[in-house]
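Take a look at the structure set out below.
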Amino acid sequence: MLTGRHVIEPGDLSVSEIDEICSLAEQMIVDPVSFQDVCRGKILATLFFEPSTRTRLSFEAAMLHLGGTVEGFADASYTSSTKGETLADTIRVVSSYVDVIAMRSPKEGAALLASQFSACPVINAGDGGHYHPTQTLTDLVTIRALQGGFEGHTIGFCGDLKFGRTVHSLAKAMCRYPHNKFVFISPTELQLPEYYVKTVLQPAGVEYICAERLEEVIGDLDILYMTRVQKERFFNEQDYIRLKDSYILDAKKMTLARKDMIVLHPLPRVNEIAPEVDNDPRAAYFKQVKYGMFARMALMSKLTGCL
């Protein structure tokens with residue numbers, strides 16, 4: 001039973017529960033009208049202590065499509081936190097008004113703390129560099145819809161792997177399925193953290209390699225997960241200039257890829273995927289956005305006990 005549960009990281013959901021949520025999301029994609037009233041009377045609170053466009057609007061649209069309502073804030077400067085109110089007290093108050101909370105914070109561990117004081121389910125909508133479980137559900141729904149399942153894939157993660165919470169979440173989730181291989185593509189400055197390798201990849205026994213140039217490995221991939229490489233992460237500008245074009249996916253690089261590879265991106269995009277790639281049938285990142293709303297619809301309908 002998922003009713004009343006908190007979802008702070010992907011590991012909070014079992015493999016069978018993920019399959020259950022993905023199956024429900026697929027039903028909603030095919031026949032959304034049948035689900036338009038299942039959460040009537042339920043209220044979602046969106047507590048976004050950090051700026052967001054897609055995630056916040058996706059949560060709000062999801063609850064509205066289910067027939068529920070939404071309240072909350074997108075700017076913490078208008079809340080009592082500016083007066084010194086603790087997160088614990090904010091959550092105690094808000095959870096007495098609503099049926100489910102979606103919360104984003106720049107502070108790692110904030111969602112876990114919130115769950116300890118909440119009277120209703122808390123969904124982590126991103127906490128610093130830690131986890132973003134509903135983005136992971138979005139990615140999983142997309143992968144299952146477009147690649148047929150979660151097993152036997154070679155997945156390339158490209159860009160900022162050190163601070164990328166979406167990368168950390170998806171890789172951890174895909175470790176739970178057999179025969180997946182990972183290719184981590186990044187500059188040395190933004191490589192996957194050693195603690196993540198030791199606590200996630202090695203215990204799972206997953207096969208992985210690290211690479212510095214996308215062109216050298218793109219032909220081996222079933223899924224390419226792009227993220228931003230940020231100039232400010234480099235110690236000197238010369239290293240950034242030397243490497244930056246290696247992490248821009250363009251039409252030329254796409255000619256090296258398999259015909260059935262898909263390209264995912266959590267968005268927002270800056271310049272790491274050239275606009276010319278948008279028309280490639282393998283570009284799935286805008287489909288991914290739409291699937292994300294259905295993934296959140298499925299999750300919230302389960303947590304609130306509506307389905």
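Ligands are numbered from 1 in the order shown, chains are lettered A, B, ... in the order of the structure tokens, and residues start at 1 in each chain.
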List every residue of region 125-166 of chain A that has an atom at most 10 Å from any atom of region 42-62 of chain A, and for each one report the closest atom pair and its distance in Å to one decimal, counting only C-alpha atoms, with rows sorted by chain and then by increasing residue number, as JSON lines.
```
{"residue": "A:Ala125", "atom": "CA", "partner": "A:Thr55", "partner_atom": "CA", "distance": 7.2}
{"residue": "A:Gly126", "atom": "CA", "partner": "A:Glu50", "partner_atom": "CA", "distance": 9.0}
{"residue": "A:Asp127", "atom": "CA", "partner": "A:Glu50", "partner_atom": "CA", "distance": 9.1}
{"residue": "A:Gly128", "atom": "CA", "partner": "A:Glu50", "partner_atom": "CA", "distance": 9.3}
{"residue": "A:His132", "atom": "CA", "partner": "A:Thr55", "partner_atom": "CA", "distance": 10.0}
{"residue": "A:Thr134", "atom": "CA", "partner": "A:Thr55", "partner_atom": "CA", "distance": 8.7}
{"residue": "A:Gln135", "atom": "CA", "partner": "A:Thr55", "partner_atom": "CA", "distance": 8.2}
```
Same residues, N, CA, C and O atoms, output as a JSON list (two decimals), in the first residue's frame:
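After the write, selection.json holds the following:
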```
[["chain", "number", "residue", "atom", "x", "y", "z"],
["A", 125, "ALA", "N", 10.54, 17.13, -4.16],
["A", 125, "ALA", "CA", 10.62, 17.68, -5.52],
["A", 125, "ALA", "C", 12.01, 18.20, -5.82],
["A", 125, "ALA", "O", 12.20, 19.02, -6.74],
["A", 126, "GLY", "N", 13.00, 17.72, -5.06],
["A", 126, "GLY", "CA", 14.39, 18.12, -5.26],
["A", 126, "GLY", "C", 14.97, 18.74, -4.01],
["A", 126, "GLY", "O", 14.43, 19.74, -3.51],
["A", 127, "ASP", "N", 16.03, 18.14, -3.47],
["A", 127, "ASP", "CA", 16.69, 18.72, -2.29],
["A", 127, "ASP", "C", 18.18, 18.83, -2.56],
["A", 127, "ASP", "O", 18.95, 17.91, -2.41],
["A", 128, "GLY", "N", 18.60, 20.02, -2.97],
["A", 128, "GLY", "CA", 20.01, 20.25, -3.27],
["A", 128, "GLY", "C", 20.53, 19.27, -4.30],
["A", 128, "GLY", "O", 19.91, 19.03, -5.32],
["A", 132, "HIS", "N", 15.74, 13.54, -6.58],
["A", 132, "HIS", "CA", 14.60, 14.15, -7.25],
["A", 132, "HIS", "C", 13.73, 12.98, -7.75],
["A", 132, "HIS", "O", 13.69, 12.68, -8.93],
["A", 134, "THR", "N", 10.55, 12.24, -8.30],
["A", 134, "THR", "CA", 9.51, 12.30, -9.34],
["A", 134, "THR", "C", 10.11, 12.57, -10.71],
["A", 134, "THR", "O", 9.50, 12.21, -11.72],
["A", 135, "GLN", "N", 11.30, 13.18, -10.76],
["A", 135, "GLN", "CA", 11.99, 13.26, -12.05],
["A", 135, "GLN", "C", 12.42, 11.85, -12.47],
["A", 135, "GLN", "O", 12.36, 11.49, -13.65]]
```
For region 150-201 of chain A versus region 256-274 of chain A, which residues have an atom no more than 12 Å away, and what is each residue's nearest atom pair and distance in Å rounded to one decimal, using only C-alpha atoms, chain-then-number order, as a tab-separated table?
```
residue	atom	partner	partner_atom	distance
A:His153	CA	A:Met261	CA	10.2
A:Thr154	CA	A:Met261	CA	9.8
A:Ile155	CA	A:Met261	CA	9.6
A:Gly156	CA	A:Val263	CA	9.6
A:Phe157	CA	A:Leu264	CA	9.6
A:Cys158	CA	A:Glu272	CA	9.7
A:Gly159	CA	A:Glu272	CA	8.5
A:Asp160	CA	A:Glu272	CA	11.0
A:Gly164	CA	A:Pro266	CA	10.1
A:Arg165	CA	A:Pro266	CA	10.2
A:Thr166	CA	A:Pro266	CA	7.2
A:Val167	CA	A:Pro266	CA	9.2
A:Ser169	CA	A:Pro266	CA	11.6
A:Leu170	CA	A:Pro266	CA	10.7
```
Legend entry - Exercise: Pro32 (chain A) partners within 9 Å, only C-alpha atoms, chain neighbours under 6 positions left out, as a PyMOL selection string: chain A and resi 65-66+294
Export N, CA, C and O atoms of the chosen residues as a PDB file, in the first residue's frame?
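Result file follows (again.pdb):
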```pdb
ATOM      1  N   HIS A  65      -5.626  17.964 -13.080  1.00  0.00           N
ATOM      2  CA  HIS A  65      -6.145  16.957 -14.011  1.00  0.00           C
ATOM      3  C   HIS A  65      -6.837  15.811 -13.276  1.00  0.00           C
ATOM      4  O   HIS A  65      -7.697  15.134 -13.844  1.00  0.00           O
ATOM      5  N   LEU A  66      -6.467  15.597 -12.023  1.00  0.00           N
ATOM      6  CA  LEU A  66      -7.103  14.562 -11.207  1.00  0.00           C
ATOM      7  C   LEU A  66      -8.366  15.063 -10.514  1.00  0.00           C
ATOM      8  O   LEU A  66      -9.026  14.314  -9.802  1.00  0.00           O
ATOM      9  N   PHE A 294       1.982  12.830 -16.020  1.00  0.00           N
ATOM     10  CA  PHE A 294       1.234  11.595 -15.772  1.00  0.00           C
ATOM     11  C   PHE A 294       1.883  10.763 -14.667  1.00  0.00           C
ATOM     12  O   PHE A 294       1.186  10.107 -13.883  1.00  0.00           O
TER      13      PHE A 294
END
```
Inset, instruction - Pull the helix (DSSP H, G or I) assignments for region 169-262 of chain A out of DSSP run on the backbone, and list those residues as an MDAnalysis selection string. - result: chainID A and resid 169:174 188:190 194:204 214:216 218:220 231:233 237:247 251:254
Legend entry - Selected residue, from A:Ala25, A:Ala171, A:Ile185, A:Val100, that lies nearest to Phe150 (chain A) when counting only C-alpha atoms: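 Closest residue, counting only C-alpha atoms: A:Ala171.
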Legend entry - Atomic distance CA of Asp75 (chain A) - CA of Met293 (chain A), expressed in Å with one decimal: 21.6 Å
Legend entry - Selected residue, from A:Ile101, A:Leu249, A:Val15, A:Leu243, that lies nearest to Lys172 (chain A) when counting only C-alpha atoms: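 Of all the options, A:Val15 lies closest to Lys172 (chain A).
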Legend entry - From A:Val217, A:Ile29, A:Phe286, A:Cys175, residue lying nearest Thr199 (chain A) [only C-alpha atoms]: A:Cys175
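Put simply, CA of Thr86 (chain A) is 29.1 Å away from CA of Lys302 (chain A).
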Legend entry - Selection: 10 Å around Leu140 (chain A), only C-alpha atoms, excl. self and same-chain fewer than 2 positions, as an NGL selection string: :A and (18-19 or 22 or 134-138 or 142-147 or 149-150 or 170 or 173-174 or 288 or 291-292 or 295)
